[in-house]
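Colleague: Provided below: upload_23.csv, containing CSV, C-alpha atoms and all ligand atoms.
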chain,number,residue,atom,x,y,z
M,1,MET,CA,-19.8,27.6,45.5
M,2,PRO,CA,-21.6,24.6,46.8
M,3,ASP,CA,-24.5,23.0,44.8
M,4,ASN,CA,-27.5,25.2,44.5
M,5,HIS,CA,-30.1,24.4,47.2
M,6,ILE,CA,-32.3,21.9,48.9
M,7,THR,CA,-33.6,18.8,47.2
M,8,THR,CA,-36.0,19.5,44.4
M,9,GLU,CA,-38.1,17.3,42.2
M,10,SER,CA,-35.8,17.8,39.3
M,11,ASP,CA,-32.3,17.6,40.8
M,12,GLY,CA,-32.4,16.0,44.2
M,13,ASP,CA,-32.0,12.5,45.5
M,14,LEU,CA,-35.5,12.6,47.0
M,15,ASP,CA,-37.0,13.2,43.6
M,16,SER,CA,-40.5,12.4,42.5
M,17,SER,CA,-39.5,9.0,41.1
M,18,ASN,CA,-38.9,7.9,44.6
M,19,ARG,CA,-42.3,8.7,45.9
M,20,PRO,CA,-44.1,5.7,47.5
M,21,SER,CA,-47.3,4.8,45.8
M,22,THR,CA,-49.5,4.4,48.9
M,23,THR,CA,-49.6,6.0,52.3
M,24,VAL,CA,-50.7,4.0,55.3
M,25,SER,CA,-48.9,5.8,58.1
M,26,THR,CA,-46.2,8.4,58.8
M,27,ASN,CA,-43.7,6.0,60.3
M,28,THR,CA,-41.1,6.3,57.6
M,29,VAL,CA,-39.6,9.3,55.9
M,30,ALA,CA,-41.2,8.2,52.6
M,31,GLU,CA,-44.6,7.9,54.2
M,32,MET,CA,-44.3,11.2,56.0
M,33,LEU,CA,-43.3,13.0,52.7
M,34,GLU,CA,-46.3,11.5,50.9
M,35,HIS,CA,-48.5,12.5,53.7
M,36,GLY,CA,-47.2,16.1,53.7
M,37,GLN,CA,-47.5,16.3,49.9
M,38,SER,CA,-51.1,15.2,50.1
M,39,LEU,CA,-51.9,17.6,53.0
M,40,PHE,CA,-50.4,20.5,51.0
M,41,ASP,CA,-52.1,19.6,47.8
M,42,ASN,CA,-55.4,19.7,49.6
M,43,SER,CA,-54.8,23.0,51.3
M,44,SER,CA,-54.4,25.3,48.3
M,45,LEU,CA,-51.1,26.6,49.6
M,46,TYR,CA,-49.0,29.0,47.4
M,47,PHE,CA,-45.4,27.9,46.7
M,48,GLY,CA,-43.2,30.9,45.7
M,49,HIS,CA,-40.6,31.2,48.4
M,50,GLY,CA,-37.9,28.7,47.6
M,51,THR,CA,-39.9,25.7,46.4
M,52,ASP,CA,-42.5,25.5,43.7
M,53,ASN,CA,-44.5,22.3,44.6
M,54,SER,CA,-45.9,20.4,47.5
M,55,TRP,CA,-43.4,17.5,47.4
M,56,ASP,CA,-40.4,19.8,47.7
M,57,GLU,CA,-42.1,21.8,50.4
M,58,ALA,CA,-42.6,18.6,52.4
M,59,VAL,CA,-39.0,17.6,51.8
M,60,TYR,CA,-37.8,21.0,52.9
M,61,LEU,CA,-39.6,21.0,56.2
M,62,LEU,CA,-38.8,17.3,57.0
M,63,SER,CA,-35.2,17.9,56.2
M,64,PHE,CA,-35.0,20.7,58.6
M,65,VAL,CA,-36.4,18.6,61.5
M,66,LEU,CA,-34.1,15.7,60.7
M,67,GLU,CA,-31.1,17.9,59.9
M,68,LEU,CA,-30.7,16.2,56.5
M,69,ALA,CA,-28.1,17.5,54.1
M,70,PRO,CA,-29.5,18.8,50.7
M,71,ASP,CA,-27.7,15.9,48.9
M,72,VAL,CA,-28.9,13.2,51.3
M,73,ASP,CA,-28.9,9.7,49.9
M,74,ARG,CA,-32.3,8.3,48.8
M,75,ALA,CA,-31.9,5.4,51.3
M,76,VAL,CA,-33.1,7.9,53.9
M,77,LEU,CA,-36.6,7.3,52.5
M,78,GLU,CA,-36.8,4.0,54.3
M,79,ARG,CA,-35.6,5.4,57.6
M,80,THR,CA,-38.1,4.9,60.5
M,81,LEU,CA,-39.1,8.1,62.4
M,82,THR,CA,-39.3,8.3,66.1
M,83,ALA,CA,-42.6,9.4,67.6
M,84,ALA,CA,-41.0,12.8,68.6
M,85,GLN,CA,-39.7,13.3,65.0
M,86,GLN,CA,-43.2,12.5,63.6
M,87,ALA,CA,-44.8,15.0,66.0
M,88,ALA,CA,-42.3,17.7,65.2
M,89,ILE,CA,-42.7,17.3,61.4
M,90,LEU,CA,-46.5,17.1,61.6
M,91,ALA,CA,-46.6,20.3,63.7
M,92,LEU,CA,-44.5,22.1,61.1
M,93,PHE,CA,-46.8,20.8,58.3
M,94,GLN,CA,-49.8,22.0,60.2
M,95,ARG,CA,-48.4,25.5,60.9
M,96,ARG,CA,-47.5,25.8,57.2
M,97,ILE,CA,-51.2,25.1,56.4
M,98,ASP,CA,-53.0,26.9,59.2
M,99,GLU,CA,-50.9,30.1,59.2
M,100,ARG,CA,-49.8,30.2,55.5
M,101,ILE,CA,-46.3,30.9,56.8
M,102,PRO,CA,-43.7,30.4,54.1
M,103,ALA,CA,-41.5,27.4,55.0
M,104,ALA,CA,-38.3,29.3,55.2
M,105,TYR,CA,-39.8,31.5,58.1
M,106,LEU,CA,-40.7,28.2,59.9
M,107,THR,CA,-37.1,27.0,59.6
M,108,GLY,CA,-35.3,30.3,59.8
M,109,ARG,CA,-33.1,29.2,57.0
M,110,ALA,CA,-33.1,29.9,53.2
M,111,TRP,CA,-30.8,29.1,50.4
M,112,PHE,CA,-29.5,31.5,47.7
M,113,CYS,CA,-26.7,30.7,45.2
M,114,GLY,CA,-26.2,27.4,47.1
M,115,LEU,CA,-25.4,29.4,50.3
M,116,PRO,CA,-27.4,29.3,53.6
M,117,PHE,CA,-28.9,32.5,55.0
M,118,THR,CA,-30.7,33.2,58.2
M,119,VAL,CA,-34.1,34.7,57.5
M,120,ASP,CA,-37.1,35.8,59.5
M,121,GLU,CA,-40.1,38.1,59.0
M,122,ARG,CA,-37.8,41.2,59.1
M,123,VAL,CA,-36.6,40.4,55.5
M,124,ILE,CA,-38.1,38.8,52.4
M,125,ILE,CA,-37.1,35.2,51.6
M,126,PRO,CA,-34.3,35.2,49.0
M,127,ARG,CA,-35.5,34.1,45.5
M,128,SER,CA,-34.1,36.6,43.1
M,129,PRO,CA,-33.2,35.5,39.5
M,130,ILE,CA,-30.1,37.6,40.0
M,131,ALA,CA,-28.6,34.5,41.6
M,132,GLU,CA,-28.0,33.2,38.1
M,133,LEU,CA,-26.1,36.3,37.1
M,134,ILE,CA,-23.9,36.1,40.3
M,135,ILE,CA,-23.1,32.4,39.6
M,136,ASN,CA,-22.0,33.4,36.1
M,137,GLY,CA,-19.9,36.3,37.5
M,138,PHE,CA,-22.1,38.8,35.7
M,139,GLN,CA,-20.4,37.8,32.4
M,140,PRO,CA,-20.0,39.3,29.9
M,141,TRP,CA,-20.9,42.6,31.6
M,142,CYS,CA,-18.2,42.6,34.2
M,143,SER,CA,-15.1,41.9,32.1
M,144,ALA,CA,-12.8,42.7,35.0
M,145,GLU,CA,-13.7,41.7,38.6
M,146,PRO,CA,-15.2,44.7,40.4
M,147,ASN,CA,-13.3,46.1,43.3
M,148,ARG,CA,-16.4,47.5,45.0
M,149,VAL,CA,-19.9,46.1,44.8
M,150,LEU,CA,-23.1,47.6,46.3
M,151,ASP,CA,-26.1,45.5,47.0
M,152,LEU,CA,-28.8,48.2,47.4
M,153,CYS,CA,-32.0,47.1,49.1
M,154,ALA,CA,-30.1,44.1,50.6
M,155,GLY,CA,-32.7,42.6,52.9
M,156,SER,CA,-31.0,39.5,54.3
M,157,GLY,CA,-27.8,40.5,52.4
M,158,CYS,CA,-28.1,37.4,50.2
M,159,ILE,CA,-27.2,39.2,46.9
M,160,GLY,CA,-24.2,41.1,48.3
M,161,ILE,CA,-22.8,38.1,50.2
M,162,ALA,CA,-23.1,35.8,47.2
M,163,CYS,CA,-21.3,38.5,45.2
M,164,ALA,CA,-18.5,38.4,47.8
M,165,TYR,CA,-18.1,34.7,47.0
M,166,ALA,CA,-18.2,35.3,43.3
M,167,PHE,CA,-15.7,38.2,43.4
M,168,GLU,CA,-13.2,37.0,46.0
M,169,ALA,CA,-11.2,40.2,46.3
M,170,ALA,CA,-14.1,42.7,46.2
M,171,GLU,CA,-15.2,45.0,49.0
M,172,VAL,CA,-19.0,44.7,49.2
M,173,VAL,CA,-21.5,47.1,50.8
M,174,VAL,CA,-25.0,45.9,51.5
M,175,SER,CA,-27.5,48.6,52.4
M,176,ASP,CA,-31.1,48.8,53.3
M,177,ILE,CA,-33.5,51.4,54.7
M,178,SER,CA,-34.8,49.0,57.3
M,179,PRO,CA,-32.8,48.8,60.5
M,180,GLU,CA,-34.3,45.4,61.2
M,181,ALA,CA,-33.2,44.2,57.8
M,182,VAL,CA,-29.7,45.5,58.4
M,183,GLU,CA,-29.5,43.5,61.6
M,184,VAL,CA,-30.4,40.3,59.6
M,185,ALA,CA,-27.8,41.2,57.0
M,186,GLN,CA,-25.2,41.7,59.7
M,187,SER,CA,-26.0,38.3,61.1
M,188,ASN,CA,-25.5,36.7,57.7
M,189,ILE,CA,-22.2,38.5,57.1
M,190,ALA,CA,-21.1,37.0,60.4
M,191,LEU,CA,-22.4,33.6,59.5
M,192,HIS,CA,-20.3,33.6,56.4
M,193,LYS,CA,-17.3,35.2,58.2
M,194,LEU,CA,-17.1,38.0,55.7
M,195,ASP,CA,-16.9,40.9,58.1
M,196,TYR,CA,-13.5,41.8,56.8
M,197,ARG,CA,-14.8,42.9,53.4
M,198,VAL,CA,-18.6,43.0,53.5
M,199,SER,CA,-20.3,45.8,55.5
M,200,ALA,CA,-24.0,46.6,56.2
M,201,VAL,CA,-25.3,50.2,56.1
M,202,GLU,CA,-28.7,51.5,57.0
M,203,SER,CA,-29.6,54.0,54.3
M,204,ASP,CA,-32.5,55.3,52.3
M,205,LEU,CA,-31.3,54.8,48.8
M,206,PHE,CA,-27.8,56.5,48.6
M,207,GLU,CA,-28.3,58.8,51.6
M,208,GLN,CA,-25.6,57.3,53.8
M,209,LEU,CA,-23.4,56.5,50.8
M,210,ARG,CA,-22.6,60.1,49.6
M,211,GLY,CA,-19.4,60.3,47.7
M,212,GLU,CA,-19.1,56.5,47.3
M,213,GLN,CA,-18.6,54.8,44.0
M,214,PHE,CA,-18.9,51.2,42.8
M,215,GLU,CA,-18.1,49.2,39.7
M,216,LEU,CA,-21.3,47.2,40.2
M,217,ILE,CA,-24.6,48.2,41.8
M,218,VAL,CA,-27.0,45.3,42.1
M,219,SER,CA,-30.5,45.9,43.4
M,220,ASN,CA,-33.6,43.8,44.0
M,221,PRO,CA,-35.8,46.7,45.3
M,222,PRO,CA,-39.5,46.8,46.2
M,223,TYR,CA,-41.4,46.8,42.8
M,224,VAL,CA,-44.8,45.3,43.3
M,225,ASP,CA,-47.6,47.6,42.0
M,226,ALA,CA,-50.6,48.5,44.1
M,227,ASP,CA,-53.1,46.1,42.3
M,228,ASP,CA,-50.7,43.2,42.5
M,229,TYR,CA,-50.0,43.9,46.2
M,230,ALA,CA,-53.6,43.9,47.0
M,231,SER,CA,-54.2,40.5,45.5
M,232,MET,CA,-51.1,38.5,46.6
M,233,PRO,CA,-51.4,35.0,48.1
M,234,ASP,CA,-51.5,35.0,51.9
M,235,GLU,CA,-47.9,33.8,52.2
M,236,TYR,CA,-46.6,37.2,50.9
M,237,TYR,CA,-48.2,39.2,53.7
M,238,HIS,CA,-45.8,37.6,56.1
M,239,GLU,CA,-43.0,39.5,54.3
M,240,PRO,CA,-42.4,43.2,55.1
M,241,GLU,CA,-44.6,45.5,53.0
M,242,LEU,CA,-41.7,47.9,52.7
M,243,ALA,CA,-39.8,45.1,50.8
M,244,LEU,CA,-42.5,44.5,48.2
M,245,ALA,CA,-44.8,47.5,47.6
M,246,SER,CA,-43.5,50.6,45.7
M,247,GLY,CA,-46.4,52.9,44.8
M,248,ASP,CA,-49.2,52.6,42.2
M,249,ASP,CA,-47.1,51.2,39.4
M,250,GLY,CA,-44.4,49.6,41.5
M,251,LEU,CA,-41.7,52.0,40.3
M,252,ASP,CA,-41.5,54.7,43.0
M,253,PHE,CA,-38.1,53.4,44.3
M,254,THR,CA,-36.7,52.5,40.8
M,255,ARG,CA,-37.4,56.0,39.5
M,256,ARG,CA,-35.4,57.5,42.3
M,257,LEU,CA,-32.6,55.0,41.7
M,258,LEU,CA,-32.4,55.8,38.0
M,259,ARG,CA,-32.0,59.5,38.9
M,260,GLU,CA,-29.2,59.0,41.3
M,261,ALA,CA,-27.3,55.8,40.3
M,262,ALA,CA,-24.8,57.4,37.8
M,263,ASP,CA,-23.3,59.4,40.7
M,264,HIS,CA,-22.4,56.2,42.5
M,265,LEU,CA,-20.9,54.3,39.6
M,266,THR,CA,-17.3,54.4,38.3
M,267,ASP,CA,-16.8,55.3,34.7
M,268,ALA,CA,-17.1,51.7,33.5
M,269,GLY,CA,-19.7,50.9,36.2
M,270,VAL,CA,-23.0,49.0,35.6
M,271,LEU,CA,-26.3,49.0,37.3
M,272,VAL,CA,-28.4,45.8,37.5
M,273,VAL,CA,-31.9,46.0,38.8
M,274,GLU,CA,-34.8,43.6,39.2
M,275,VAL,CA,-38.3,45.0,38.5
M,276,GLY,CA,-40.3,41.9,37.8
M,277,ASN,CA,-43.6,42.5,36.1
M,278,SER,CA,-43.1,46.2,36.5
M,279,TRP,CA,-40.8,46.2,33.4
M,280,VAL,CA,-43.9,47.0,31.3
M,281,ALA,CA,-44.6,50.2,33.2
M,282,LEU,CA,-40.8,51.1,33.0
M,283,GLU,CA,-40.7,50.7,29.3
M,284,ARG,CA,-43.9,52.7,28.9
M,285,ASP,CA,-42.5,55.6,31.1
M,286,PHE,CA,-39.0,55.7,29.5
M,287,PRO,CA,-39.4,54.6,25.9
M,288,THR,CA,-36.1,56.1,24.8
M,289,VAL,CA,-34.0,54.4,27.5
M,290,PRO,CA,-32.1,51.4,26.1
M,291,PHE,CA,-32.8,49.0,29.0
M,292,LEU,CA,-31.0,45.7,28.4
M,293,TRP,CA,-33.3,43.0,29.7
M,294,LEU,CA,-31.1,40.1,30.8
M,295,GLU,CA,-31.9,36.5,29.8
M,296,PHE,CA,-32.2,33.7,32.3
M,297,SER,CA,-32.3,29.9,31.9
M,298,GLU,CA,-35.9,29.8,33.1
M,299,GLY,CA,-37.7,32.6,31.2
M,300,ASP,CA,-37.8,36.3,31.8
M,301,GLY,CA,-36.5,37.6,35.1
M,302,GLY,CA,-37.6,41.3,34.7
M,303,VAL,CA,-34.0,42.4,35.3
M,304,PHE,CA,-32.4,45.2,33.4
M,305,LEU,CA,-28.8,46.5,33.0
M,306,LEU,CA,-27.7,50.0,32.3
M,307,THR,CA,-24.2,51.3,32.1
M,308,ARG,CA,-23.2,54.6,33.8
M,309,GLU,CA,-22.8,56.1,30.4
M,310,GLN,CA,-26.4,55.2,29.4
M,311,LEU,CA,-27.7,56.6,32.7
M,312,LEU,CA,-25.8,59.9,32.1
M,313,GLU,CA,-27.0,60.0,28.5
M,314,HIS,CA,-30.7,59.7,29.6
M,315,ARG,CA,-30.4,61.7,32.8
M,316,GLU,CA,-33.0,64.2,31.7
M,317,SER,CA,-35.6,61.5,31.1
M,318,PHE,CA,-35.2,60.5,34.7
M,319,GLN,CA,-35.7,64.0,36.3
M,401,LIG,C1,-37.4,42.9,47.5
M,401,LIG,S1,-36.5,43.2,49.1
M,401,LIG,C2,-35.0,42.5,48.5
M,401,LIG,C3,-34.1,41.9,49.6
M,401,LIG,C4,-32.9,41.1,49.1
M,401,LIG,N1,-32.1,41.9,48.2
M,401,LIG,C5,-33.3,39.9,48.4
M,401,LIG,O1,-33.2,39.8,47.1
M,401,LIG,O2,-33.8,38.9,49.0
M,401,LIG,C6,-36.3,44.9,49.0
M,401,LIG,C7,-35.6,45.5,50.2
M,401,LIG,O3,-35.5,46.9,49.9
M,401,LIG,C8,-35.6,47.7,51.1
M,401,LIG,N2,-36.0,49.1,50.8
M,401,LIG,C9,-37.2,49.6,50.6
M,401,LIG,N3,-37.1,50.9,50.4
M,401,LIG,C10,-35.8,51.2,50.4
M,401,LIG,C11,-35.1,52.5,50.3
M,401,LIG,N4,-35.8,53.6,50.0
M,401,LIG,N5,-33.8,52.5,50.4
M,401,LIG,C12,-33.1,51.3,50.7
M,401,LIG,N6,-33.7,50.1,50.9
M,401,LIG,C13,-35.1,50.1,50.7
M,401,LIG,C14,-36.6,46.9,52.0
M,401,LIG,O4,-36.4,47.1,53.3
M,401,LIG,C15,-36.2,45.4,51.6
M,401,LIG,O5,-35.4,44.8,52.5
Would it be possible to restate this file's structure as structure tokens?
Ligand SMILES: C[S@@+](CC[C@H](N)C(=O)[O-])C[C@H]1O[C@@H](n2cnc3c(N)ncnc32)[C@H](O)[C@@H]1O

Modeller:
Amino acid sequence: MPDNHITTESDGDLDSSNRPSTTVSTNTVAEMLEHGQSLFDNSSLYFGHGTDNSWDEAVYLLSFVLELAPDVDRAVLERTLTAAQQAAILALFQRRIDERIPAAYLTGRAWFCGLPFTVDERVIIPRSPIAELIINGFQPWCSAEPNRVLDLCAGSGCIGIACAYAFEAAEVVVSDISPEAVEVAQSNIALHKLDYRVSAVESDLFEQLRGEQFELIVSNPPYVDADDYASMPDEYYHEPELALASGDDGLDFTRRLLREAADHLTDAGVLVVEVGNSWVALERDFPTVPFLWLEFSEGDGGVFLLTREQLLEHRESFQ
């Protein structure tokens, strides 16, 4: 897979050490980035949709207008911008501030596992920590490459499509209850020319997948609880509520999934599910279930793994 994503403070060529110390105009790329950073810093924006700071956000939007590659050389900082380029970049900066639209919706493009995805307000912007598991081939839990993978609650299809890159012979199904999300997933399958082994299905949970089994089911379902949903930064309300909210404690969908998943896993199959902060409520509700909370390079991801065997063993708890 190609390198992870757009330039960031820590790993990109346009990193913080290259920032100019003063801003007098927006004539050069460096001046424009410093201006964007300063605008964003003074607008109390929330960064949680692909970047985590104002500099990277400015780089992301500017790179889109100038069509810069993620690994562009730092010499680009000295490039002079045309008046039209300056106007286009400033207009994007302003929309980001005025409308609190996440940058990826402004560009229509997001990155996941180093791969590009088309996104718009029909799907959430990819950001799942599951990316790290995919890049590592779900080791050591998938000792053999899975033949069939299901990305349940697929949104843009980013998880399933990235799995298709990780498991080069696997057949992948991406499913979602939202017909609009399925359209976006289909466009991403086409973008990656994976139609021959990745398919998109509109389905409420397993409803349209009766009788189908998979070695690996991966899911980043809606899991935000009602309190958290009511107090999210404005940026999140541009994303579909159906993709985020899941009842009072955020677990309405996950409870259904725990009840039904075993029927759709092969004997050695595993289920990997992201529940974020709702892991606390899950542990409280199912104290005897041995959820394996997976570790990530950057802290907790709120992602658990259960084998089919464990799901069967605790089936009664899930009823
Ligand atoms: C958090 S988003 C995840 C999208 C994508 N997997 C990602 O990581 O970017 C959750 C998705 O679950 C879908 N969803 C919600 N309820 C569902 C259900 N009952 N059955 C299938 N999909 C559902 C939503 O439409 C949304 O696209």

Colleague: Counting all atoms listed in the file, what are the residues, protein, DNA or RNA alike, that approach ligand LIG 401 (chain M) to within 7 Å? I want them as a CSV table (one decimal) with C-alpha atoms, in the coordinates of the input.

Modeller:
chain,number,residue,atom,x,y,z
M,123,VAL,CA,-36.6,40.4,55.5
M,124,ILE,CA,-38.1,38.8,52.4
M,125,ILE,CA,-37.1,35.2,51.6
M,126,PRO,CA,-34.3,35.2,49.0
M,127,ARG,CA,-35.5,34.1,45.5
M,128,SER,CA,-34.1,36.6,43.1
M,152,LEU,CA,-28.8,48.2,47.4
M,153,CYS,CA,-32.0,47.1,49.1
M,154,ALA,CA,-30.1,44.1,50.6
M,155,GLY,CA,-32.7,42.6,52.9
M,156,SER,CA,-31.0,39.5,54.3
M,157,GLY,CA,-27.8,40.5,52.4
M,158,CYS,CA,-28.1,37.4,50.2
M,159,ILE,CA,-27.2,39.2,46.9
M,175,SER,CA,-27.5,48.6,52.4
M,176,ASP,CA,-31.1,48.8,53.3
M,177,ILE,CA,-33.5,51.4,54.7
M,178,SER,CA,-34.8,49.0,57.3
M,181,ALA,CA,-33.2,44.2,57.8
M,203,SER,CA,-29.6,54.0,54.3
M,204,ASP,CA,-32.5,55.3,52.3
M,205,LEU,CA,-31.3,54.8,48.8
M,219,SER,CA,-30.5,45.9,43.4
M,220,ASN,CA,-33.6,43.8,44.0
M,221,PRO,CA,-35.8,46.7,45.3
M,222,PRO,CA,-39.5,46.8,46.2
M,242,LEU,CA,-41.7,47.9,52.7
M,243,ALA,CA,-39.8,45.1,50.8
M,244,LEU,CA,-42.5,44.5,48.2
M,253,PHE,CA,-38.1,53.4,44.3

Colleague: For Arg255 of chain M, list every protein, DNA or RNA residue within 12 Å, evaluated using only C-alpha atoms, and leave out those in the same chain fewer than 4 positions away; present the list as a count of residues only.

Modeller: 25

Colleague: Interatomic distance between atom CA of Glu235 of chain M and atom CA of Val184 of chain M?

Modeller: 20.1 Å

Colleague: For a quick check of understanding, using all atoms listed in the file, which of M:Leu115, M:Leu312, M:Ile161, M:Leu306 has the smallest distance to Pro70 of chain M?

Modeller: M:Leu115

Colleague: Could you name the residues that touch Leu92 of chain M at 12 Å or less, counting only C-alpha atoms, but leaving out those on the same chain fewer than 5 positions away, as JSON, numbers by chain?

Modeller: {"M": [36, 39, 40, 57, 58, 59, 60, 61, 62, 63, 64, 65, 85, 86, 87, 97, 98, 99, 100, 101, 102, 103, 104, 105, 106, 107]}

Colleague: Which one is closest to Leu216 of chain M: M:Asp267, M:Glu239, M:Asp228, M:Asp73? Count only C-alpha atoms.

Modeller: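 The closest residue to Leu216 of chain M is M:Asp267.
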
Colleague: Give me, please, the distance in Å between atom CA of Val29 of chain M and atom CA of Leu77 of chain M, quoted to one decimal.

Modeller: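 Going from atom CA of Val29 of chain M over to atom CA of Leu77 of chain M, I get 5.0 Å.
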
Colleague: Restricting the calculation to all atoms listed in the file: of M:Val224, M:Ile130, M:Ala169, M:Leu68, which residue gets closest to Pro146 of chain M?

Modeller: M:Ala169

Colleague: Which polymer residues have any atom within 9 Å of an atom of Glu145 of chain M, counting all atoms listed in the file, with same-chain residues fewer than 6 positions away left out, as a list in words?

Modeller: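 Counting all atoms listed in the file, the residues come to Gly137, Phe167, Glu168, Ala169, Ala170 and Glu215 of chain M.
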
Colleague: Nearest to His49 of chain M among M:Val272, M:Ile89, M:Leu294, M:Ala110, with distances taken over only C-alpha atoms: which residue is it?

Modeller: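 Looking at the shortest contact to His49 of chain M, the residue is M:Ala110.
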
Colleague: Taking into account all atoms listed in the file, which residue in the set M:Asn277, M:Ile135, M:Thr307, M:His35 is nearest to Asp225 of chain M?

Modeller: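 Comparing M:Asn277, M:Ile135, M:Thr307, M:His35 against Asp225 of chain M, the winner is M:Asn277.
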
Colleague: What is the atom CA of Ser143 of chain M to atom CA of Cys163 of chain M distance in Å?

Modeller: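 The value is 14.9 Å.
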
Colleague: Nearest residue to Glu298 of chain M out of M:Asp252, M:Glu212, M:Glu132, M:Tyr237, using all atoms listed in the file?

Modeller: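 Distance minimum relative to Glu298 of chain M lands on M:Glu132.
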
Colleague: Residues within 12 Å of Asp195 of chain M, please, as a ChimeraX atom specification. Count all atoms listed in the file; anything in the same chain fewer than 4 positions from it doesn't count.

Modeller: /M:161,164,171-174,185-191,199-200

Colleague: Excluding same-chain residues fewer than 4 positions from Asp41 of chain M, what lies within 8 Å of it counting only C-alpha atoms, as a list in words?

Modeller: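 Near neighbours after the sequence-gap exclusion: Gln37, Leu45 and Ser54 of chain M.
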
Colleague: Write to file, as a JSON list (two decimals), in the coordinates of the input, the residues of the selection just made, with C-alpha atoms.

Modeller:
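Output (out_23.json):
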[["chain", "number", "residue", "atom", "x", "y", "z"],
["M", 37, "GLN", "CA", -47.50, 16.30, 49.90],
["M", 45, "LEU", "CA", -51.10, 26.60, 49.60],
["M", 54, "SER", "CA", -45.90, 20.40, 47.50]]
